[in-house]
Structure formats: structure tokens, C-alpha cells
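One file, entry14.cif, carrying mmCIF, C-alpha atoms:
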data_protein
loop_
_atom_site.label_atom_id
_atom_site.label_comp_id
_atom_site.auth_asym_id
_atom_site.auth_seq_id
_atom_site.Cartn_x
_atom_site.Cartn_y
_atom_site.Cartn_z
CA MET A 1176 0.00 0.00 0.00
CA CYS A 1177 1.44 3.38 -0.97
CA ILE A 1178 2.09 6.16 1.49
CA HIS A 1179 -0.73 8.31 0.01
CA CYS A 1180 -3.30 5.57 0.65
CA CYS A 1181 -2.12 5.26 4.26
CA ILE A 1182 -2.44 9.02 4.79
CA ARG A 1183 -5.94 9.01 3.25
CA LEU A 1184 -7.05 6.13 5.48
CA CYS A 1185 -5.68 7.89 8.55
CA LYS A 1186 -7.56 11.06 7.63
CA ASP A 1187 -10.81 9.16 7.05
CA TYR A 1188 -10.43 7.35 10.35
CA CYS A 1189 -9.72 10.56 12.26
CA CYS A 1190 -12.66 12.40 10.67
CA SER A 1191 -15.07 9.56 11.38
CA SER A 1192 -13.81 8.90 14.88
CA CYS A 1193 -13.50 12.54 15.98
CA PRO A 1194 -17.21 13.03 16.87
CA VAL A 1195 -17.22 9.66 18.60
CA MET A 1196 -14.13 10.58 20.59
CA MET A 1197 -15.62 13.95 21.57
CA GLU A 1198 -18.84 12.28 22.70
CA ALA A 1199 -16.86 9.71 24.68
CA LEU A 1200 -14.79 12.50 26.25
CA LEU A 1201 -17.93 14.39 27.27
CA ASN A 1202 -19.48 11.25 28.71
CA GLU A 1203 -16.31 10.46 30.63
CA TRP A 1204 -15.61 13.90 32.09
CA LEU A 1205 -18.77 16.01 31.92
CA TRP A 1206 -21.85 13.75 31.83
CA GLN A 1207 -20.85 11.39 34.57
CA ASP A 1208 -23.79 9.78 36.34
CA ARG A 1209 -22.65 10.81 39.80
CA TYR A 1210 -22.69 14.48 38.82
CA TRP A 1211 -26.13 14.88 37.27
CA LEU A 1212 -28.22 11.94 38.48
CA PRO A 1213 -29.27 10.77 41.94
CA PRO A 1214 -27.25 7.90 43.45
CA GLY A 1215 -28.09 4.54 41.90
CA ILE A 1216 -29.44 6.01 38.63
CA HIS A 1217 -27.55 5.75 35.33
CA TRP A 1218 -28.09 7.25 31.90
CA GLN A 1219 -28.61 3.75 30.51
CA ASP A 1220 -31.66 3.34 32.74
CA MET A 1221 -33.59 5.81 30.62
CA ASP A 1222 -34.95 3.56 27.89
CA ALA A 1223 -35.95 5.52 24.80
CA SER A 1224 -38.68 2.98 24.02
CA GLU A 1225 -40.74 4.31 26.94
CA GLY A 1226 -40.89 7.80 25.40
CA HIS A 1227 -38.69 10.81 24.71
CA TYR A 1228 -36.35 11.69 27.56
CA PRO A 1229 -34.56 15.07 27.60
CA LEU A 1230 -31.21 14.81 25.83
CA PRO A 1231 -28.42 17.41 25.65
CA ARG A 1232 -28.40 17.19 21.86
CA ASP A 1233 -31.96 18.57 21.79
CA LEU A 1234 -30.56 21.94 22.84
CA VAL A 1235 -28.55 22.21 19.61
CA TYR A 1236 -31.70 23.69 18.08
CA THR A 1237 -31.45 26.72 20.38
CA LEU A 1238 -28.64 28.34 18.35
CA PRO A 1239 -30.57 28.52 15.03
CA VAL A 1240 -33.68 29.49 17.03
CA ALA A 1241 -31.72 32.40 18.59
CA PHE A 1242 -30.63 33.66 15.16
CA ALA A 1243 -34.19 33.24 13.90
CA TYR A 1244 -35.38 35.41 16.81
CA ILE A 1245 -32.84 38.11 15.90
CA ALA A 1246 -33.99 38.11 12.26
CA LEU A 1247 -37.65 38.09 13.28
CA ARG A 1248 -37.04 40.97 15.70
CA TYR A 1249 -35.39 43.00 12.94
CA VAL A 1250 -38.46 42.57 10.72
CA PHE A 1251 -40.92 43.10 13.60
CA GLU A 1252 -39.37 46.37 14.74
CA ARG A 1253 -39.43 47.91 11.26
CA VAL A 1254 -42.73 46.55 9.98
CA ILE A 1255 -44.87 46.62 13.14
CA ALA A 1256 -43.18 48.42 16.05
CA VAL A 1257 -42.15 51.65 14.27
CA PRO A 1258 -45.60 52.30 12.70
CA LEU A 1259 -47.22 51.43 16.04
CA SER A 1260 -44.97 53.92 17.85
CA LYS A 1261 -46.03 56.68 15.45
CA ARG A 1262 -49.67 55.76 15.88
CA LEU A 1263 -49.38 55.93 19.68
CA GLY A 1264 -47.62 59.28 19.50
CA VAL A 1265 -44.06 58.36 20.48
CA LYS A 1266 -41.88 61.43 19.94
CA ASP A 1267 -38.12 61.56 19.63
CA ARG A 1268 -36.21 64.47 21.08
CA ILE A 1269 -34.42 66.58 18.49
CA ARG A 1270 -30.71 66.59 19.25
CA ILE A 1271 -27.95 68.76 17.86
CA ARG A 1272 -25.51 66.68 15.82
CA ALA A 1273 -21.85 67.14 16.66
CA ALA A 1274 -19.67 68.69 13.97
CA LEU A 1275 -17.39 66.29 12.15
CA ILE A 1276 -13.95 66.70 13.74
CA PRO A 1277 -11.84 63.60 12.93
CA LYS A 1278 -9.43 63.95 15.85
CA LEU A 1279 -12.19 64.31 18.42
CA GLU A 1280 -14.18 61.52 16.78
CA ASN A 1281 -11.20 59.18 16.94
CA PHE A 1282 -10.64 60.02 20.63
CA TYR A 1283 -14.35 59.51 21.34
CA LYS A 1284 -14.45 56.05 19.76
CA HIS A 1285 -11.13 54.64 20.93
CA ASN A 1286 -10.25 56.42 24.18
CA ASN A 1287 -12.89 58.01 26.35
CA ARG A 1288 -16.39 59.37 25.88
CA GLN A 1289 -16.03 61.68 28.88
CA PRO A 1290 -12.50 63.18 28.82
CA SER A 1291 -10.87 64.55 31.94
CA GLN A 1292 -9.59 68.10 32.34
CA SER A 1293 -6.04 67.16 31.33
CA GLU A 1294 -7.36 65.35 28.24
CA LEU A 1295 -9.52 68.36 27.38
CA ALA A 1296 -6.45 70.60 27.57
CA SER A 1297 -4.41 68.32 25.29
CA LEU A 1298 -7.31 68.01 22.84
CA GLY A 1299 -7.68 71.78 22.83
CA LYS A 1300 -4.04 72.20 21.83
CA LEU A 1301 -4.36 69.44 19.23
CA CYS A 1302 -7.49 70.83 17.58
CA GLY A 1303 -7.02 74.53 18.29
CA LEU A 1304 -10.34 74.80 20.16
CA SER A 1305 -11.24 76.07 23.60
CA GLN A 1306 -12.09 73.61 26.36
CA SER A 1307 -15.70 74.82 26.50
CA LYS A 1308 -16.19 74.07 22.79
CA ILE A 1309 -14.62 70.64 23.19
CA GLN A 1310 -16.87 69.88 26.18
CA SER A 1311 -19.87 71.00 24.14
CA TRP A 1312 -18.78 68.75 21.24
CA PHE A 1313 -18.48 65.70 23.50
CA ARG A 1314 -21.85 66.45 25.07
CA HIS A 1315 -23.53 66.63 21.66
CA ARG A 1316 -21.68 63.49 20.54
CA ARG A 1317 -22.85 61.51 23.57
CA ASN A 1318 -26.40 62.72 23.12
CA GLN A 1319 -26.18 61.70 19.47
CA ASP A 1320 -25.51 58.09 20.52
CA ARG A 1321 -28.26 57.98 23.11
CA PRO A 1322 -31.15 55.70 22.15
CA THR A 1323 -34.28 57.43 20.93
CA ASN A 1324 -37.72 56.83 22.38
CA THR A 1325 -38.66 54.99 19.20
CA LYS A 1326 -35.77 52.55 19.67
CA LYS A 1327 -36.76 51.97 23.30
CA PHE A 1328 -40.39 51.48 22.28
CA CYS A 1329 -39.42 48.93 19.62
CA GLU A 1330 -37.31 46.95 22.09
CA ALA A 1331 -40.08 46.97 24.71
CA SER A 1332 -42.76 45.97 22.20
CA TRP A 1333 -40.69 43.01 20.94
CA ARG A 1334 -40.17 41.71 24.46
CA PHE A 1335 -43.83 42.27 25.28
CA VAL A 1336 -44.93 40.14 22.33
CA PHE A 1337 -42.61 37.29 23.27
CA TYR A 1338 -43.29 37.30 27.01
CA PHE A 1339 -47.04 37.46 26.51
CA ALA A 1340 -47.00 34.64 23.94
CA ALA A 1341 -44.64 32.53 26.10
CA PHE A 1342 -46.73 33.05 29.24
CA THR A 1343 -49.98 32.17 27.45
CA ALA A 1344 -48.50 29.07 25.76
CA GLY A 1345 -46.74 27.93 28.95
CA LEU A 1346 -49.87 28.33 31.07
CA CYS A 1347 -51.99 26.39 28.56
CA SER A 1348 -49.44 23.56 28.45
CA LEU A 1349 -49.25 23.31 32.26
CA LEU A 1350 -52.93 23.53 33.22
CA ASP A 1351 -53.49 19.85 32.38
CA SER A 1352 -50.27 18.73 34.13
CA PRO A 1353 -50.69 17.14 37.58
CA TRP A 1354 -47.53 18.81 38.96
CA PHE A 1355 -49.06 22.24 38.30
CA TRP A 1356 -51.49 21.61 41.17
CA ASP A 1357 -49.34 19.38 43.38
CA GLN A 1358 -45.60 20.15 43.48
CA ARG A 1359 -44.75 16.75 44.91
CA GLU A 1360 -45.63 15.32 41.49
CA CYS A 1361 -42.51 17.06 40.16
CA TRP A 1362 -40.39 14.36 41.80
CA GLN A 1363 -42.48 11.24 41.30
CA GLY A 1364 -40.25 8.84 39.37
CA PHE A 1365 -37.45 11.40 38.97
CA PRO A 1366 -35.37 11.38 36.80
CA LYS A 1367 -37.21 8.76 34.70
CA GLN A 1368 -39.82 11.24 33.48
CA VAL A 1369 -40.85 11.41 29.84
CA VAL A 1370 -41.04 14.94 28.41
CA THR A 1371 -43.85 15.92 26.05
CA ASN A 1372 -43.23 17.72 22.76
CA ALA A 1373 -44.99 20.85 24.06
CA HIS A 1374 -42.69 21.15 27.07
CA ARG A 1375 -39.63 20.29 25.01
CA TRP A 1376 -40.33 23.11 22.54
CA TYR A 1377 -41.28 25.42 25.40
CA TYR A 1378 -37.74 24.89 26.70
CA ILE A 1379 -36.06 25.30 23.31
CA LEU A 1380 -37.94 28.50 22.46
CA GLU A 1381 -37.30 30.08 25.87
CA LEU A 1382 -33.63 29.15 25.80
CA GLY A 1383 -33.28 30.48 22.25
CA PHE A 1384 -34.89 33.78 23.24
CA TYR A 1385 -32.56 34.38 26.20
CA LEU A 1386 -29.61 33.42 24.02
CA SER A 1387 -30.72 36.03 21.46
CA LEU A 1388 -30.94 38.64 24.24
CA LEU A 1389 -27.40 37.79 25.33
CA LEU A 1390 -26.15 38.07 21.74
CA CYS A 1391 -27.84 41.47 21.32
CA VAL A 1392 -26.93 42.88 24.74
CA SER A 1393 -24.24 45.13 23.25
CA VAL A 1394 -26.65 46.83 20.81
CA ASP A 1395 -29.71 47.01 23.07
CA VAL A 1396 -30.46 49.97 25.32
CA LYS A 1397 -27.78 50.01 28.02
CA ARG A 1398 -29.27 50.56 31.47
CA LYS A 1399 -27.93 51.02 34.97
CA ASP A 1400 -28.41 47.34 35.79
CA PHE A 1401 -26.46 46.24 32.70
CA LYS A 1402 -24.19 43.91 34.70
CA GLU A 1403 -27.15 42.43 36.57
CA GLN A 1404 -28.93 41.86 33.25
CA VAL A 1405 -25.93 39.99 31.83
CA ILE A 1406 -25.67 37.88 35.00
CA HIS A 1407 -29.40 37.22 34.79
CA HIS A 1408 -29.20 36.08 31.15
CA ILE A 1409 -26.20 33.81 31.81
CA ALA A 1410 -27.76 32.32 34.96
CA THR A 1411 -31.01 31.78 33.06
CA LEU A 1412 -29.21 30.03 30.20
CA PHE A 1413 -27.34 27.74 32.61
CA LEU A 1414 -30.50 27.11 34.61
CA ILE A 1415 -32.68 26.26 31.60
CA GLY A 1416 -29.98 24.18 29.89
CA PHE A 1417 -28.97 22.28 33.00
CA SER A 1418 -32.56 21.67 34.14
CA TYR A 1419 -33.39 20.21 30.72
CA CYS A 1420 -30.33 17.96 30.51
CA SER A 1421 -30.87 16.67 34.06
CA ASN A 1422 -34.62 16.30 33.48
CA TYR A 1423 -35.73 19.02 35.89
CA VAL A 1424 -38.27 19.86 33.20
CA ARG A 1425 -41.28 19.88 35.47
CA ILE A 1426 -39.87 22.37 37.95
CA GLY A 1427 -38.17 24.28 35.13
CA THR A 1428 -41.48 25.01 33.43
CA PHE A 1429 -42.65 26.56 36.70
CA VAL A 1430 -39.60 28.83 36.83
CA MET A 1431 -40.14 30.08 33.27
CA LEU A 1432 -43.86 30.60 33.81
CA VAL A 1433 -43.29 32.66 36.99
CA HIS A 1434 -40.81 34.92 35.19
CA ASP A 1435 -43.00 35.43 32.13
CA SER A 1436 -46.07 36.27 34.25
CA SER A 1437 -44.78 39.73 35.20
CA ASP A 1438 -42.33 40.52 32.41
CA PHE A 1439 -44.96 41.25 29.77
CA LEU A 1440 -46.68 43.71 32.15
CA LEU A 1441 -43.42 45.60 32.64
CA GLU A 1442 -42.78 45.83 28.91
CA SER A 1443 -46.32 47.07 28.23
CA ALA A 1444 -45.88 49.77 30.90
CA LYS A 1445 -42.64 50.85 29.21
CA MET A 1446 -44.38 51.09 25.84
CA PHE A 1447 -47.02 53.48 27.18
CA HIS A 1448 -44.35 55.40 29.11
CA TYR A 1449 -42.46 56.15 25.90
CA ALA A 1450 -45.77 57.14 24.27
CA GLU A 1451 -46.46 59.46 27.26
CA TRP A 1452 -49.77 57.80 28.11
CA THR A 1453 -49.21 58.62 31.77
CA LYS A 1454 -52.37 57.22 33.35
CA THR A 1455 -52.19 53.95 31.41
CA CYS A 1456 -48.49 53.60 32.24
CA ASP A 1457 -49.08 54.25 35.94
CA SER A 1458 -51.91 51.70 36.11
CA LEU A 1459 -49.90 49.02 34.32
CA PHE A 1460 -46.88 49.71 36.51
CA LEU A 1461 -48.89 49.24 39.70
CA VAL A 1462 -50.33 45.96 38.38
CA PHE A 1463 -46.83 44.83 37.38
CA SER A 1464 -45.42 45.74 40.80
CA LEU A 1465 -48.10 43.72 42.54
CA VAL A 1466 -47.59 40.67 40.31
CA PHE A 1467 -43.78 40.94 40.52
CA LEU A 1468 -43.65 41.18 44.30
CA ILE A 1469 -46.05 38.25 44.71
CA THR A 1470 -44.47 35.94 42.14
CA ARG A 1471 -40.79 36.74 42.78
CA LEU A 1472 -40.78 37.28 46.55
CA VAL A 1473 -43.53 34.86 47.60
CA VAL A 1474 -44.27 32.20 44.96
CA PHE A 1475 -40.69 31.72 43.75
CA PRO A 1476 -39.00 31.19 47.16
CA CYS A 1477 -41.92 29.61 49.03
CA ARG A 1478 -43.12 27.23 46.33
CA ILE A 1479 -40.34 26.65 43.80
CA ILE A 1480 -37.17 26.91 45.90
CA HIS A 1481 -38.87 25.13 48.80
CA THR A 1482 -39.88 22.34 46.42
CA THR A 1483 -36.38 21.88 44.98
CA LEU A 1484 -34.52 22.40 48.25
CA VAL A 1485 -36.74 20.54 50.74
CA LEU A 1486 -39.47 18.40 49.16
CA SER A 1487 -37.11 16.82 46.64
CA LEU A 1488 -35.12 15.19 49.47
CA ASP A 1489 -38.11 12.94 50.18
CA PHE A 1490 -37.47 11.23 46.83
CA PHE A 1491 -33.65 11.10 46.47
CA GLU A 1492 -30.42 11.80 48.30
CA PRO A 1493 -28.47 15.03 47.61
CA PHE A 1494 -25.95 14.96 44.77
CA PHE A 1495 -23.92 17.52 42.79
CA GLY A 1496 -26.76 18.37 40.41
CA TYR A 1497 -29.05 19.05 43.36
CA TYR A 1498 -26.65 21.64 44.82
CA PHE A 1499 -25.85 23.18 41.43
CA PHE A 1500 -29.51 23.59 40.46
CA ASN A 1501 -30.47 25.18 43.79
CA ALA A 1502 -27.43 27.50 43.64
CA LEU A 1503 -28.65 28.86 40.30
CA LEU A 1504 -32.14 29.36 41.72
CA LEU A 1505 -30.70 31.27 44.68
CA VAL A 1506 -28.71 33.52 42.31
CA LEU A 1507 -31.98 34.37 40.56
CA GLN A 1508 -33.62 35.05 43.91
CA VAL A 1509 -30.88 37.54 44.85
CA LEU A 1510 -31.53 39.37 41.57
CA HIS A 1511 -35.26 39.33 42.35
CA VAL A 1512 -34.59 41.06 45.67
CA PHE A 1513 -32.42 43.67 43.92
CA TRP A 1514 -35.12 44.46 41.34
CA ALA A 1515 -37.81 44.46 44.04
CA TYR A 1516 -35.82 47.17 45.84
CA LEU A 1517 -35.78 49.29 42.67
CA ILE A 1518 -39.51 48.78 42.16
CA LEU A 1519 -40.32 49.72 45.75
CA ARG A 1520 -38.29 52.91 45.29
CA MET A 1521 -40.41 53.82 42.29
CA ILE A 1522 -43.60 53.01 44.21
CA CYS A 1523 -42.52 55.35 47.04
CA LYS A 1524 -41.91 58.13 44.54
CA PHE A 1525 -45.31 57.44 43.02
CA MET A 1526 -47.03 57.69 46.40
CA PHE A 1527 -45.38 61.04 47.20
CA LYS A 1528 -45.44 62.64 43.74
CA GLY A 1529 -48.61 61.08 42.31
CA LYS A 1530 -46.95 59.74 39.16
CA VAL A 1531 -44.44 57.07 38.22
CA GLU A 1532 -40.97 58.43 37.68
CA ARG A 1533 -38.97 57.26 34.72
CA ASP A 1534 -37.44 53.82 34.96
CA VAL A 1535 -34.77 53.88 37.67
CA ARG A 1536 -32.83 51.47 35.46
CA SER A 1537 -32.88 54.08 32.66
CA ASP A 1538 -30.05 54.14 30.17
CA GLU A 1539 -26.78 54.73 31.90
CA GLU A 1540 -25.43 57.81 30.20
CA SER A 1541 -28.68 59.62 29.57
CA GLU A 1542 -28.98 60.89 33.12
CA ALA A 1543 -25.76 62.87 33.06
CA ASP A 1544 -26.44 64.15 29.57
CA GLU A 1545 -30.01 65.08 30.37
CA GLU A 1546 -28.65 67.23 33.16
CA GLU A 1547 -26.40 68.91 30.63
CA GLU A 1548 -29.03 69.29 27.90
CA PRO A 1549 -31.22 71.73 29.84
CA GLU A 1550 -28.08 73.74 30.37
CA GLU A 1551 -28.15 74.61 26.67
CA GLU A 1552 -31.85 75.32 26.86
CA ASP A 1553 -31.22 77.55 29.85
CA GLU A 1554 -28.52 79.43 27.95
CA SER A 1555 -30.74 80.02 24.93
CA SER A 1556 -33.73 80.94 27.07
CA TRP A 1557 -31.53 83.27 29.11
CA GLU A 1558 -30.39 84.95 25.91
CA GLN A 1559 -34.01 85.41 24.91
CA ARG A 1560 -34.95 86.74 28.33
CA LYS A 1561 -31.94 89.06 28.33
CA GLY A 1562 -32.94 90.46 24.94
CA ALA A 1563 -36.52 90.96 26.14
CA ILE A 1564 -35.27 92.71 29.29
CA ASN A 1565 -32.99 94.96 27.25
CA SER A 1566 -35.82 95.91 24.93
CA LYS A 1567 -38.07 96.65 27.89
CA LEU A 1568 -35.36 98.76 29.52
CA ALA A 1569 -34.84 100.65 26.28
CA SER A 1570 -38.54 101.34 25.90
CA LEU A 1571 -38.71 102.33 29.57
CA ALA A 1572 -35.80 104.72 29.13
CA ASN A 1573 -37.43 106.23 26.05
CA ASN A 1574 -40.64 106.67 27.97
CA CYS A 1575 -38.74 108.36 30.78
CA VAL A 1576 -37.05 110.76 28.31
CA LEU A 1577 -40.37 111.54 26.64
CA ASN A 1578 -42.02 112.10 29.99
CA ASN A 1579 -39.22 114.45 31.05
CA LEU A 1580 -39.53 116.45 27.81
CA THR A 1581 -43.28 116.66 28.18
CA ASN A 1582 -43.04 117.81 31.78
CA GLN A 1583 -40.43 120.40 30.80
CA ARG A 1584 -42.70 121.80 28.07
CA ASN A 1585 -45.65 121.97 30.42
CA LEU A 1586 -43.47 123.77 32.96
CA ASN A 1587 -42.28 126.30 30.37
CA SER A 1588 -45.82 126.95 29.22
CA ARG A 1589 -46.92 127.69 32.78
CA LEU A 1590 -44.02 130.07 33.59
CA PRO A 1591 -45.41 133.23 31.79
CA LYS A 1592 -48.76 132.84 33.50
CA ALA A 1593 -47.01 132.63 36.84
CA ARG A 1594 -45.11 135.77 36.08
#

Just dump the structure as C-alpha cells.
Amino acid sequence: MCIHCCIRLCKDYCCSSCPVMMEALLNEWLWQDRYWLPPGIHWQDMDASEGHYPLPRDLVYTLPVAFAYIALRYVFERVIAVPLSKRLGVKDRIRIRAALIPKLENFYKHNNRQPSQSELASLGKLCGLSQSKIQSWFRHRRNQDRPTNTKKFCEASWRFVFYFAAFTAGLCSLLDSPWFWDQRECWQGFPKQVVTNAHRWYYILELGFYLSLLLCVSVDVKRKDFKEQVIHHIATLFLIGFSYCSNYVRIGTFVMLVHDSSDFLLESAKMFHYAEWTKTCDSLFLVFSLVFLITRLVVFPCRIIHTTLVLSLDFFEPFFGYYFFNALLLVLQVLHVFWAYLILRMICKFMFKGKVERDVRSDEESEADEEEEPEEEDESSWEQRKGAINSKLASLANNCVLNNLTNQRNLNSRLPKAR
């Protein structure tokens, strides 16, 4: 056999055996029974002839689903959300565009969006401009990058549509399930529990959506809780993926349903906030706050975490997957407490001021810039007021001169009679 034939056979063998070797490596190091299954249970015990059991390879569909969501969102925002925003009266603030100065633009993109005093001085020498003009340029440039109300409305409307559809579909699929009414049924026969097609696709679609949010987090509206949002998306992805692979599907559907129950109310309140429908926004926000506080601070810890942390021990002994799953749930609960604190702050402001303030998680840089924007308005309005005052003073002075002349004439006309 020639050397070329040997090389070709080696290549064919390596290509055919590579997936098998990777699967064997995963089974040996990652998917060990003692990590993800209760003691005494093995992956081989789940006979496929009894029905479809959750398999890690089912989650491969989430990646194309995530890209499909991104494409669908692009079409939705331009075909439906933008016309709807105009119909509801969403208005974008007119901003002054910064002049094109290549050196400042390069510094803005690659160095710092808010230069310090020393950097302002060096940029002034480089461009031949005063520090006040450079500060004004950076302020206009930051405002130019701020998201418009239309963009925020489109993002909120897309999330509203998904959360509402997911909550409705999830609730319909769980109403006929026995574990929806009795949480102990979540652990009967665990982990040998067959998953239905409805719950399997419920998992895939939810996981794909959160993956699409994570992929788009850099282009979405950046808010104060940006880091918490990223942690939330990553924890949610791990939680959904792990719960599916380890067949925590029954309790996992509860977790997704509880989250979707309040999210669509929040997004609808945001939509009407950007449209400046104040009364509708305030009403929806109060309903959302009530649902959020009940579901995230009462139902989630008292029913779901209690079920996974306490009731599950009546059916199996603790193992690594048990601790890992509950750790992810506790991370979500910490985030729930953080967001509940923000919501309660807004409720307190509503009680004292009679209206809901803007979202306390509002985009990060808009607050500082919005404090600077009125500064320009104040300057222009001051110029107008100063001109009006000057004109009034001039007319008043003229009136005084005319009055003096008139009085002098009257006095002169009276002098001969007095003599």
C-alpha cells in the first residue's frame, strides 16, 4: 500500500472517529452519572422505548432558534413596532448633531467618551479649540448616541410580544399537568420522566430567546443594571440548559412561567411610558409591581425553591446536580430582591409625587447628559430673556425721556402765567 493511501485512510479514520471521541470524552468527564443523576441512577436506565427523555443534543436547536429570533425581531421592529410607535404618539427628542472633527471623533471612539480636564487641555491644543467648545462637542456626541424613544419602544414591544406569547403558551401547556397543582408530582419517578413535545419546545424557544438577548446585549439599550442583566441572562441560560439535561423539566417550566407572568406587564408599561400615556403607564406599573412582588418574593422562594430544596429530598439523596440547580435558583432570587428594591423605590416616589418616575434602570449615560441638555436650553432661554429685558429697559428709558420732555414743556408753558 502506498504512502498516500495510508495518509488518506488515517484522515478518514480521524474524521469519522473525531465526533465519537468527543462524545466519549464528554461522557467520561462532563456527563458522569454521579454528577447529574441521583445515586443509583444511570443514563442507561432511561430507555428511549418508553418515550422521549430530555437529551443534551436537543438543545442544539437553540442556536438557530436564537438567530431566527434576531432576524424576526429585525423585521418586527421595522414593519410593526415603528408604525405602532407613530400611531401611539411616540416622539423623539431633536438633538444637535456634533460637527465632524476627525481627531475628536477618533478620541471619542477609541479612548474616552467623557475626557478629563487634562485630556480636554491636550485636545484643545491638538485641535485649536477652547475647552468649552470641546466639552460641548463631546456632550452633543454623547447625546447623538443615546437611544431614541422609538428605539426603546421597539425593544419593549418586541419583548412584550414574546413574554405574553410565552406566558400564554406555557400556562396552557401546564394547566393539564398534575404537577401544576401538586408540586410533589414534580419528583415522582425522577429522573425517569418522559417529556412531552410541548414542554420540550417550550424549553427550546425560551432558551433560544434568552440566548438572542445575550447576543444582542451590546446593541440594546444600556441601562444602569447592565451587569445584573448579563448575570441574569447567563444564569437563566445555565439554569434552563442544565434543568433540561438533568430532566428538571417539570420544575423548570414553573420557573419560566413565573418569570413570564410579570415581564410582559413591565414591557407594556414601558411602551405606554415612551408614548407618554401617563395614566395607562401608571396603572400598568402598579399591576406589574403587585404581580412581581407576589411571584418573585412569595411564589418563587416559598413554592419553587422550597420544592427543589426541601421536598425533593423525600425522593432522592443530595448529589452535585441538586446543589448546582439550587445554587442557580438562589442567584436568581438575589436578583429578584435587587429588582424588588428598585420597584419599591419607584412606588414610594409614586405615592409622594402622584406619578411614576422614569425607569430607575434608565439608560446609563442619559442621566448625566439630560442634566447637561437643559443647560443649553437655559442658555438660549436666558439669551431670549436678556434680549426681552434689554428691549423693555430701552422702551422704559425712552418713555422716561419723553415724559421728562413733556413735563419740561408743560413747565415752560406755565411760567409766563405765573409771572

*Spatial neighbours of stretch 1227-1238 of chain A, max dist 7 Å, all atoms listed in the file, sep filter under 6 positions, as a ChimeraX atom specification*: /A:1368-1370,1379,1382-1383,1419-1420,1422

Using all atoms listed in the file, tabulate the residues of stretch 1397-1515 of chain A lying at most 9 Å from any atom of stretch 1257-1270 of chain A, each with its closest atom pair and that distance in Å to one decimal, by chain and increasing residue number, as a Markdown table.
| residue | atom | partner | partner_atom | distance |
| --- | --- | --- | --- | --- |
| A:Met1446 | CA | A:Ser1260 | CA | 8.5 |
| A:Phe1447 | CA | A:Leu1263 | CA | 8.2 |
| A:Tyr1449 | CA | A:Val1265 | CA | 6.1 |
| A:Ala1450 | CA | A:Val1265 | CA | 4.3 |
| A:Glu1451 | CA | A:Val1265 | CA | 7.3 |
| A:Trp1452 | CA | A:Leu1263 | CA | 8.6 |

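Atom pair atom CA of A:Gln1404 / atom CA of A:Phe1460 has a distance of 19.9 Å (rounded to one decimal).
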
*Taking the file above as input, evaluate the PyMOL selection byres ((chain A and resi 1365) around 9) and report the hits as a list in words.*
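Applying the PyMOL selection byres ((chain A and resi 1365) around 9) to the structure shown produces Pro1213, Cys1361, Trp1362, Gln1363, Gly1364, Pro1366, Lys1367, Gln1368, Asn1422, Tyr1423, Phe1490 and Phe1491 of chain A.
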
Atoms to include: C-alpha atoms. Write the selected residues as a compact mmCIF listing (two decimals), keeping the file's coordinate frame.
# COMPACT_ATOMS: atom_id res chain seq x y z
CA PRO A 1213 -29.27 10.77 41.94
CA CYS A 1361 -42.51 17.06 40.16
CA TRP A 1362 -40.39 14.36 41.80
CA GLN A 1363 -42.48 11.24 41.30
CA GLY A 1364 -40.25 8.84 39.37
CA PRO A 1366 -35.37 11.38 36.80
CA LYS A 1367 -37.21 8.76 34.70
CA GLN A 1368 -39.82 11.24 33.48
CA ASN A 1422 -34.62 16.30 33.48
CA TYR A 1423 -35.73 19.02 35.89
CA PHE A 1490 -37.47 11.23 46.83
CA PHE A 1491 -33.65 11.10 46.47

_Applying 10 Å and only C-alpha atoms, which residues near A:Thr1470 remain after dropping the ones on its own chain fewer than 6 positions away? List them as a list in words._
Leu1432, Val1433, His1434, Ser1436, Ser1437, Ser1464, Pro1476, Cys1477, Arg1478 and His1511 of chain A

Hey, what comes out of the PyMOL selection byres ((chain A and resi 1333-1340) around 9) on this file? Could you write it as an mmCIF file with C-alpha atoms, in the coordinates of the input?
data_model
loop_
_atom_site.group_PDB
_atom_site.id
_atom_site.type_symbol
_atom_site.label_atom_id
_atom_site.label_comp_id
_atom_site.auth_asym_id
_atom_site.auth_seq_id
_atom_site.Cartn_x
_atom_site.Cartn_y
_atom_site.Cartn_z
ATOM 1 C CA ARG A 1248 -37.040 40.970 15.700
ATOM 2 C CA PHE A 1251 -40.920 43.100 13.600
ATOM 3 C CA GLU A 1252 -39.370 46.370 14.740
ATOM 4 C CA ALA A 1256 -43.180 48.420 16.050
ATOM 5 C CA PHE A 1328 -40.390 51.480 22.280
ATOM 6 C CA CYS A 1329 -39.420 48.930 19.620
ATOM 7 C CA GLU A 1330 -37.310 46.950 22.090
ATOM 8 C CA ALA A 1331 -40.080 46.970 24.710
ATOM 9 C CA SER A 1332 -42.760 45.970 22.200
ATOM 10 C CA ALA A 1341 -44.640 32.530 26.100
ATOM 11 C CA PHE A 1342 -46.730 33.050 29.240
ATOM 12 C CA THR A 1343 -49.980 32.170 27.450
ATOM 13 C CA ALA A 1344 -48.500 29.070 25.760
ATOM 14 C CA GLY A 1345 -46.740 27.930 28.950
ATOM 15 C CA PHE A 1384 -34.890 33.780 23.240
ATOM 16 C CA HIS A 1434 -40.810 34.920 35.190
ATOM 17 C CA ASP A 1435 -43.000 35.430 32.130
ATOM 18 C CA SER A 1436 -46.070 36.270 34.250
ATOM 19 C CA SER A 1437 -44.780 39.730 35.200
ATOM 20 C CA ASP A 1438 -42.330 40.520 32.410
ATOM 21 C CA PHE A 1439 -44.960 41.250 29.770
ATOM 22 C CA LEU A 1440 -46.680 43.710 32.150
ATOM 23 C CA LEU A 1441 -43.420 45.600 32.640
ATOM 24 C CA GLU A 1442 -42.780 45.830 28.910
ATOM 25 C CA SER A 1443 -46.320 47.070 28.230
ATOM 26 C CA MET A 1446 -44.380 51.090 25.840
#

_Could you list, as a count of residues only, every residue within 12 Å of A:Thr1411, counting all atoms listed in the file and ignoring same-chain residues fewer than 6 positions away?_
27

Report the centre and edge lengths, in Å to one decimal, of an axis-aligned box enclosing every atom of stretch 1463-1472 of chain A listed in the file, padded by 6 Å on each side, as AutoDock Vina command-line options.
--center_x -44.4 --center_y 40.8 --center_z 42.0 --size_x 19.3 --size_y 21.8 --size_z 21.2

*Kindly resolve the PyMOL selection byres ((chain A and resi 1495) around 9) on the present coordinates and return the residues as a list in words.*
Arg1209, Tyr1210, Trp1211, Leu1212, Pro1213, Pro1493, Phe1494, Gly1496, Tyr1497, Tyr1498, Phe1499 and Phe1500 of chain A

*Using all atoms listed in the file, which residues sit within 8 Å of stretch 1278-1291 of chain A once same-chain residues fewer than 5 positions away are excluded, as a list in words?*
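So, after excluding close chain neighbours, the residues are Leu1298, Cys1302, Phe1313 and Arg1317 of chain A.
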
*Measuring atom to atom with all atoms listed in the file, identify which of A:Glu1492, A:Trp1376, A:Ile1409, A:Val1394 is nearest to A:Gly1215.*
A:Glu1492

*So how far away is atom CA of A:Lys1327 from atom CA of A:Val1392, in Å?*
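Spanning atom CA of A:Val1392 to atom CA of A:Lys1327 is a straight-line distance of 13.5 Å.
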
_Using Å and a single decimal, report how far atom CA of A:Pro1239 sits from atom CA of A:Leu1350._
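Atom-to-atom, atom CA of A:Leu1350 and atom CA of A:Pro1239 are spaced 29.3 Å apart.
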